[in-house]
>>> print(open('protein_23.tsv').read())   # TSV, C-alpha atoms
chain	number	residue	atom	x	y	z
B	1	ALA	CA	-16.72	59.67	-43.08
B	2	ASP	CA	-17.48	56.05	-42.29
B	3	MET	CA	-15.14	53.83	-40.35
B	4	GLU	CA	-12.65	52.03	-42.50
B	5	GLU	CA	-13.64	48.37	-42.56
B	6	GLU	CA	-10.09	47.19	-42.16
B	7	VAL	CA	-7.13	48.50	-40.24
B	8	ARG	CA	-3.50	47.41	-40.76
B	9	ILE	CA	-1.45	47.42	-37.60
B	10	LEU	CA	2.33	47.05	-37.42
B	11	ILE	CA	3.70	45.71	-34.13
B	12	VAL	CA	7.48	45.96	-33.79
B	13	GLY	CA	9.53	43.67	-31.53
B	14	ASP	CA	11.53	45.00	-28.57
B	15	ILE	CA	13.89	47.78	-29.65
B	16	VAL	CA	17.36	47.29	-28.17
B	17	GLY	CA	19.51	50.42	-27.77
B	18	SER	CA	20.62	52.79	-30.52
B	19	PRO	CA	21.05	50.01	-33.12
B	20	GLY	CA	17.37	49.16	-32.67
B	21	ARG	CA	16.32	52.79	-32.85
B	22	ASN	CA	18.42	53.47	-35.96
B	23	CYS	CA	17.04	50.36	-37.62
B	24	LEU	CA	13.48	51.49	-36.90
B	25	PHE	CA	14.13	55.04	-38.12
B	26	SER	CA	15.57	53.81	-41.43
B	27	LEU	CA	12.91	51.19	-42.18
B	28	LEU	CA	9.66	52.60	-40.78
B	29	PRO	CA	8.77	55.38	-43.28
B	30	GLU	CA	9.11	53.15	-46.33
B	31	LEU	CA	7.48	50.15	-44.66
B	32	LYS	CA	4.45	52.24	-43.63
B	33	LYS	CA	4.03	53.38	-47.25
B	34	GLU	CA	4.74	50.02	-48.84
B	35	GLU	CA	2.46	48.01	-46.56
B	36	LYS	CA	-0.19	50.76	-46.17
B	37	ILE	CA	0.15	50.66	-42.38
B	38	ASP	CA	-2.51	52.58	-40.42
B	39	PHE	CA	-1.11	52.23	-36.90
B	40	VAL	CA	2.29	51.43	-35.35
B	41	ILE	CA	2.98	49.86	-31.95
B	42	VAL	CA	6.57	49.46	-30.72
B	43	ASN	CA	7.89	47.80	-27.57
B	44	ALA	CA	10.46	50.26	-26.20
B	45	GLU	CA	11.45	48.86	-22.80
B	46	ASN	CA	15.06	48.27	-23.92
B	47	ALA	CA	15.40	51.34	-26.13
B	48	ALA	CA	17.86	53.23	-23.91
B	49	GLY	CA	21.24	51.51	-23.92
B	50	GLY	CA	19.52	48.13	-23.74
B	51	VAL	CA	17.72	48.73	-20.41
B	52	GLY	CA	14.73	50.98	-19.85
B	53	VAL	CA	13.73	54.05	-21.81
B	54	THR	CA	14.16	57.78	-21.20
B	55	PRO	CA	11.60	60.51	-21.94
B	56	LYS	CA	13.89	61.88	-24.66
B	57	ILE	CA	14.16	58.53	-26.44
B	58	ALA	CA	10.43	57.84	-26.04
B	59	SER	CA	9.65	61.23	-27.62
B	60	THR	CA	12.04	60.56	-30.52
B	61	LEU	CA	10.27	57.26	-31.23
B	62	LEU	CA	6.81	58.85	-31.07
B	63	ASN	CA	7.97	61.65	-33.38
B	64	ALA	CA	9.33	59.10	-35.87
B	65	GLY	CA	5.86	57.80	-36.73
B	66	VAL	CA	5.19	55.41	-33.85
B	67	ASP	CA	1.65	55.68	-32.46
B	68	VAL	CA	2.04	53.79	-29.17
B	69	LEU	CA	4.99	52.54	-27.12
B	70	THR	CA	4.51	49.43	-25.01
B	71	SER	CA	6.99	48.09	-22.47
B	72	GLY	CA	7.64	45.44	-19.84
B	73	ASN	CA	9.53	44.70	-16.64
B	74	HIS	CA	12.49	46.93	-17.65
B	75	ILE	CA	10.30	50.06	-17.85
B	76	TRP	CA	11.33	50.88	-14.25
B	77	ASP	CA	15.08	50.83	-14.97
B	78	LYS	CA	15.37	54.54	-15.73
B	79	LYS	CA	13.89	56.66	-12.93
B	80	GLU	CA	13.39	59.70	-15.18
B	81	ILE	CA	10.63	57.87	-17.10
B	82	TYR	CA	8.28	57.72	-14.08
B	83	ALA	CA	6.72	61.19	-14.42
B	84	TYR	CA	6.63	60.79	-18.20
B	85	LEU	CA	4.56	57.60	-17.83
B	86	ASP	CA	1.92	59.61	-15.98
B	87	ASP	CA	1.95	62.49	-18.47
B	88	GLU	CA	2.23	60.79	-21.88
B	89	LYS	CA	-0.75	58.64	-22.83
B	90	ARG	CA	1.07	57.09	-25.78
B	91	ILE	CA	3.44	55.08	-23.60
B	92	LEU	CA	2.18	52.08	-21.65
B	93	ARG	CA	3.58	49.83	-18.95
B	94	PRO	CA	2.20	46.41	-18.00
B	95	GLY	CA	-1.15	47.09	-16.36
B	96	ASN	CA	-0.97	44.23	-13.90
B	97	TYR	CA	1.62	45.99	-11.72
B	98	PRO	CA	0.06	47.23	-8.44
B	99	PRO	CA	-2.08	50.17	-9.60
B	100	GLU	CA	-1.86	52.32	-6.45
B	101	THR	CA	1.92	52.36	-6.29
B	102	THR	CA	3.18	52.42	-9.86
B	103	PRO	CA	3.19	55.34	-12.29
B	104	GLY	CA	1.60	55.16	-15.72
B	105	ARG	CA	-1.18	53.08	-17.24
B	106	GLY	CA	-1.59	49.65	-18.78
B	107	SER	CA	-3.95	50.49	-21.62
B	108	GLY	CA	-5.16	53.27	-23.86
B	109	ILE	CA	-7.54	54.01	-26.70
B	110	TYR	CA	-6.08	55.82	-29.70
B	111	SER	CA	-7.36	57.22	-32.99
B	112	SER	CA	-6.39	55.97	-36.41
B	113	GLY	CA	-8.35	57.99	-38.95
B	114	GLN	CA	-11.99	57.24	-38.19
B	115	ASN	CA	-11.12	54.16	-36.17
B	116	LYS	CA	-10.32	53.68	-32.53
B	117	ILE	CA	-7.63	51.21	-31.53
B	118	ALA	CA	-7.19	49.95	-27.99
B	119	VAL	CA	-3.78	48.75	-26.85
B	120	LEU	CA	-3.36	46.66	-23.71
B	121	ASN	CA	0.05	45.93	-22.15
B	122	ILE	CA	0.39	43.04	-19.67
B	123	ALA	CA	3.28	41.08	-18.19
B	124	GLY	CA	3.63	37.39	-17.39
B	125	ARG	CA	4.51	35.87	-14.03
B	126	VAL	CA	6.56	32.78	-14.91
B	127	TYR	CA	10.30	33.53	-14.38
B	128	MET	CA	9.30	37.20	-14.09
B	129	PRO	CA	8.63	39.63	-11.22
B	130	ILE	CA	5.60	38.51	-9.18
B	131	ILE	CA	2.71	40.82	-10.01
B	132	ASP	CA	-1.08	40.61	-10.31
B	133	CYS	CA	-2.66	37.87	-12.41
B	134	PRO	CA	-2.40	38.93	-16.07
B	135	PHE	CA	-5.35	36.72	-17.08
B	136	ARG	CA	-7.80	38.27	-14.64
B	137	TYR	CA	-6.45	41.77	-15.24
B	138	ALA	CA	-6.74	41.39	-19.03
B	139	LEU	CA	-10.34	40.18	-18.85
B	140	LYS	CA	-11.40	43.07	-16.62
B	141	GLU	CA	-9.65	45.62	-18.80
B	142	ILE	CA	-11.01	44.19	-22.08
B	143	GLU	CA	-14.52	44.57	-20.73
B	144	VAL	CA	-13.90	48.30	-20.28
B	145	LEU	CA	-12.02	48.82	-23.57
B	146	SER	CA	-14.55	46.89	-25.70
B	147	LYS	CA	-17.23	49.42	-24.78
B	148	GLU	CA	-15.32	51.93	-26.93
B	149	THR	CA	-13.78	49.79	-29.65
B	150	LYS	CA	-13.63	46.19	-30.79
B	151	THR	CA	-10.09	46.55	-32.08
B	152	ILE	CA	-7.90	45.53	-29.14
B	153	ILE	CA	-4.20	44.67	-29.45
B	154	VAL	CA	-2.53	42.96	-26.49
B	155	ASP	CA	1.24	43.10	-25.93
B	156	PHE	CA	1.91	40.19	-23.56
B	157	HIS	CA	5.41	40.67	-22.17
B	158	ALA	CA	6.30	37.23	-20.83
B	159	GLU	CA	9.06	34.65	-20.64
B	160	ALA	CA	7.39	31.25	-20.79
B	161	THR	CA	5.97	30.05	-24.10
B	162	SER	CA	3.29	28.08	-22.23
B	163	GLU	CA	2.03	31.19	-20.44
B	164	LYS	CA	1.91	33.12	-23.71
B	165	LYS	CA	0.07	30.32	-25.53
B	166	ALA	CA	-2.37	30.10	-22.62
B	167	MET	CA	-3.06	33.84	-22.89
B	168	GLY	CA	-3.65	33.52	-26.65
B	169	TRP	CA	-6.21	30.75	-26.17
B	170	PHE	CA	-7.73	32.45	-23.13
B	171	LEU	CA	-8.36	35.68	-25.07
B	172	ASP	CA	-9.20	34.00	-28.40
B	173	GLY	CA	-12.24	35.67	-29.94
B	174	LYS	CA	-12.16	38.48	-27.33
B	175	VAL	CA	-9.35	40.59	-28.80
B	176	SER	CA	-7.85	41.34	-32.21
B	177	ALA	CA	-4.35	40.11	-31.41
B	178	VAL	CA	-2.17	38.69	-28.65
B	179	ILE	CA	1.43	39.53	-29.48
B	180	GLY	CA	4.22	38.12	-27.29
B	181	THR	CA	7.28	40.21	-26.46
B	182	HIS	CA	10.28	39.95	-24.06
B	183	THR	CA	12.33	36.98	-25.29
B	184	HIS	CA	13.80	38.83	-28.31
B	185	VAL	CA	13.60	35.79	-30.62
B	186	GLN	CA	10.90	35.71	-33.29
B	187	THR	CA	8.91	32.48	-33.03
B	188	ALA	CA	7.65	30.51	-36.04
B	189	ASP	CA	4.04	30.22	-34.85
B	190	ALA	CA	2.23	33.31	-36.16
B	191	ARG	CA	-1.37	32.23	-36.80
B	192	LEU	CA	-5.03	33.01	-36.45
B	193	LEU	CA	-6.53	31.12	-33.53
B	194	PRO	CA	-9.96	29.46	-34.10
B	195	GLY	CA	-11.82	32.52	-32.74
B	196	LYS	CA	-9.90	34.74	-35.23
B	197	THR	CA	-7.51	36.35	-32.78
B	198	ALA	CA	-4.05	36.90	-34.34
B	199	TYR	CA	-1.30	35.31	-32.29
B	200	ILE	CA	2.48	34.97	-32.12
B	201	THR	CA	4.46	33.72	-29.10
B	202	ASP	CA	7.19	36.31	-29.66
B	203	VAL	CA	7.46	39.01	-32.29
B	204	GLY	CA	11.25	39.16	-31.78
B	205	MET	CA	13.54	42.15	-31.45
B	206	THR	CA	14.84	45.10	-33.41
B	207	GLY	CA	18.53	45.70	-32.86
B	208	ALA	CA	22.01	44.32	-33.45
B	209	TYR	CA	22.00	41.08	-35.47
B	210	ASP	CA	25.43	39.77	-34.38
B	211	SER	CA	24.55	39.75	-30.71
B	212	ILE	CA	22.94	37.78	-27.90
B	213	LEU	CA	19.47	39.31	-27.64
B	214	GLY	CA	20.87	42.65	-28.80
B	215	VAL	CA	23.86	42.86	-26.48
B	216	ASP	CA	27.55	42.18	-26.99
B	217	THR	CA	28.28	38.44	-26.99
B	218	LYS	CA	31.53	38.42	-24.94
B	219	PRO	CA	30.20	39.62	-21.55
B	220	VAL	CA	27.17	37.30	-21.86
B	221	ILE	CA	29.42	34.29	-22.46
B	222	LYS	CA	31.65	35.40	-19.58
B	223	LYS	CA	28.63	35.53	-17.29
B	224	PHE	CA	27.62	31.98	-18.24
B	225	LEU	CA	31.19	30.78	-17.66
B	226	THR	CA	31.83	32.57	-14.35
B	227	GLN	CA	28.35	33.17	-12.88
B	228	MET	CA	29.68	36.52	-11.67
B	229	PRO	CA	28.09	39.96	-12.22
B	230	VAL	CA	29.02	41.34	-15.64
B	231	ARG	CA	28.16	44.61	-17.31
B	232	PHE	CA	26.25	44.11	-20.57
B	233	ASN	CA	26.72	46.52	-23.48
B	234	VAL	CA	24.61	46.91	-26.59
B	235	SER	CA	26.30	45.11	-29.48
B	236	LYS	CA	28.08	47.21	-32.12
B	237	SER	CA	27.16	44.77	-34.89
B	238	GLU	CA	27.20	46.31	-38.38
B	239	THR	CA	24.20	44.21	-39.39
B	240	LEU	CA	20.85	45.15	-37.89
B	241	GLN	CA	17.67	43.12	-37.63
B	242	PHE	CA	14.08	44.31	-37.75
B	243	ASN	CA	11.36	42.04	-36.35
B	244	ALA	CA	7.66	42.81	-36.51
B	245	VAL	CA	4.23	41.50	-37.44
B	246	ILE	CA	1.45	43.05	-39.49
B	247	VAL	CA	-2.08	42.34	-38.33
B	248	ASP	CA	-5.03	42.97	-40.64
B	249	ASN	CA	-8.06	43.64	-38.54
B	250	ASP	CA	-11.78	43.85	-39.27
B	251	THR	CA	-12.99	46.96	-37.43
B	252	GLU	CA	-16.61	45.83	-37.32
B	253	THR	CA	-15.99	42.51	-35.56
B	254	GLY	CA	-12.64	43.43	-34.00
B	255	LEU	CA	-11.24	40.13	-35.24
B	256	ALA	CA	-8.14	39.53	-37.30
B	257	LYS	CA	-8.12	38.52	-40.94
B	258	ASN	CA	-4.41	37.89	-41.18
B	259	ILE	CA	-1.07	38.04	-39.37
B	260	LYS	CA	2.21	38.34	-41.26
B	261	PRO	CA	5.66	38.18	-39.60
B	262	ILE	CA	8.48	40.39	-40.85
B	263	TYR	CA	12.19	39.59	-40.44
B	264	LYS	CA	14.47	42.03	-42.25
B	265	LEU	CA	18.22	42.50	-42.07
B	266	LEU	CA	19.77	45.90	-42.69
>>> encode(input="protein_23.tsv", output="C-alpha cells")
Amino acid sequence: ADMEEEVRILIVGDIVGSPGRNCLFSLLPELKKEEKIDFVIVNAENAAGGVGVTPKIASTLLNAGVDVLTSGNHIWDKKEIYAYLDDEKRILRPGNYPPETTPGRGSGIYSSGQNKIAVLNIAGRVYMPIIDCPFRYALKEIEVLSKETKTIIVDFHAEATSEKKAMGWFLDGKVSAVIGTHTHVQTADARLLPGKTAYITDVGMTGAYDSILGVDTKPVIKKFLTQMPVRFNVSKSETLQFNAVIVDNDTETGLAKNIKPIYKLL
C-alpha cells in the first residue's frame, strides 16, 4: 500500500491527575472516530496525582489508544518511572537533559499505518531547570529524524511565551508542528507559520475545570498569601476540561495544512 498523503494527529494538553485521565478516557474513543484521527500524542508529566507519572498510569494511557506520551520537567518526580523510560519507547522525556546521566530518550519514530511519525520532546530554559540548549539540540535531532520521515511533531515544554514563539519561528519549515506545553492554559494563537509549520504557544491542559492549573484552588491561594510551603492536591471539580489540537499534515512534504484547537468541557 502507498503512504497516505495526509495524516491527522491529535496532540492533547498536559493531563493532570485522575480527573485528566478520566476526561481523556471518556472523550478519546469518540473523538478519534469523529475526527478520523490517525495518531495521538499526550503530555503525561502530571498524570499521577498532579506530579510525575508512574509506569502503571503510563501503561493505562498507552492502552487507552494513545500512541506516544511526552513529558517535561516533572517526569523525574516519581522515581519508579526511571527504568520504564529506558524500556518503553512510547514515552519520551525532554531530550535536552544531559544524555549520559538521565534515563530515557527525547525522540522516537513511530508507525501510523503506512506512515512514519517522528515525535521530539524538548524543554525550555527560561524560568525552568537549566539544561542544554533546546534550539541546538532540536536542530541536531531533526537532522537525524528527517532521514527517516518528514513528519516531525515537536512538544516544546516551556514557560516563557517568547521562548516558545522563538522555537516556532526557528523551526518553521523544518518540522510539521511546534506545540507548546507546560503552562496549562490554552493560548489563542494556533496558526500555520509562513513555512507551513503548525504552531500554538500552549495547547492547554486536560483535567479539573474549577481549579488553578488542575489543582485545588485553596492551597494555591494560601501559598500566594503566605509564601510558605503548601501541599497541592488535584482539584475535585465536577466539571472537566479537555484541551488539544488537531494537526493535518502532508506526509510528502512533512508540512502542515491546518491546525485546529479543541476546548471541550465534560
>>> atom_distance(input="protein_23.tsv", atom1="CA of Leu193 in chain B", atom2="CA of Val154 in chain B")
14.3 Å
>>> closest_atom_pairs(input="protein_23.tsv", of="range 163-260 of chain B", to="range 13-24 of chain B", cutoff="6 Å", atoms="only C-alpha atoms", output="Markdown table")
| residue | atom | partner | partner_atom | distance |
| --- | --- | --- | --- | --- |
| B:Val203 | CA | B:Gly13 | CA | 5.2 |
| B:Gly204 | CA | B:Gly13 | CA | 4.8 |
| B:Met205 | CA | B:Gly13 | CA | 4.3 |
| B:Thr206 | CA | B:Ile15 | CA | 4.7 |
| B:Gly207 | CA | B:Gly20 | CA | 3.7 |
| B:Ala208 | CA | B:Pro19 | CA | 5.8 |
| B:Gly214 | CA | B:Val16 | CA | 5.9 |
| B:Asn243 | CA | B:Gly13 | CA | 5.4 |
| B:Ala244 | CA | B:Gly13 | CA | 5.4 |
>>> residues_around(input="protein_23.tsv", residues="Asp202 in chain B", least_positions_apart="4", cutoff="6 Å", atoms="all atoms listed in the file", output="mmCIF file with C-alpha atoms, in the frame of the given file")
data_model
loop_
_atom_site.group_PDB
_atom_site.id
_atom_site.type_symbol
_atom_site.label_atom_id
_atom_site.label_comp_id
_atom_site.auth_asym_id
_atom_site.auth_seq_id
_atom_site.Cartn_x
_atom_site.Cartn_y
_atom_site.Cartn_z
ATOM 1 C CA GLY B 180 4.220 38.120 -27.290
ATOM 2 C CA THR B 181 7.280 40.210 -26.460
ATOM 3 C CA GLN B 186 10.900 35.710 -33.290
ATOM 4 C CA THR B 187 8.910 32.480 -33.030
#
>>> atom_distance(input="protein_23.tsv", atom1="CA of Ile153 in chain B", atom2="CA of Phe39 in chain B")
11.1 Å
>>> closest_residue(input="protein_23.tsv", among="B:Ala256, B:Ala160, B:Leu145, B:Ile152", to="Lys196 in chain B", atoms="all atoms listed in the file")
B:Ala256
>>> closest_residue(input="protein_23.tsv", among="B:Lys264, B:Lys218, B:Arg105, B:Lys257", to="Phe232 in chain B", atoms="all atoms listed in the file")
B:Lys218
>>> axis_aligned_box(input="protein_23.tsv", around="range 90-109 of chain B", padding_each_side="5 Å", output="JSON")
{"center_x": -2.0, "center_y": 50.7, "center_z": -16.5, "size_x": 21.1, "size_y": 22.9, "size_z": 30.4}
>>> closest_residue(input="protein_23.tsv", among="B:Lys116, B:Lys140, B:Lys165, B:His157", to="Glu252 in chain B", atoms="only C-alpha atoms")
B:Lys116
>>> residues_around(input="protein_23.tsv", residues="Pro94 in chain B", least_positions_apart="2", cutoff="8 Å", atoms="all atoms listed in the file", output="list in words")
Thr70, Ser71, Gly72, Asn73, Leu92, Asn96, Tyr97, Arg105, Gly106, Leu120, Asn121, Ile122, Ala123 and His157 of chain B
>>> atom_distance(input="protein_23.tsv", atom1="CA of Lys78 in chain B", atom2="CA of Val230 in chain B")
19.0 Å
>>> closest_residue(input="protein_23.tsv", among="B:Val42, B:Ala177, B:Leu10, B:Leu27", to="Leu240 in chain B", atoms="all atoms listed in the file")
B:Leu27
>>> residues_around(input="protein_23.tsv", residues="range 5-8 of chain B", least_positions_apart="2", cutoff="10 Å", atoms="only C-alpha atoms", output="count of residues only")
31
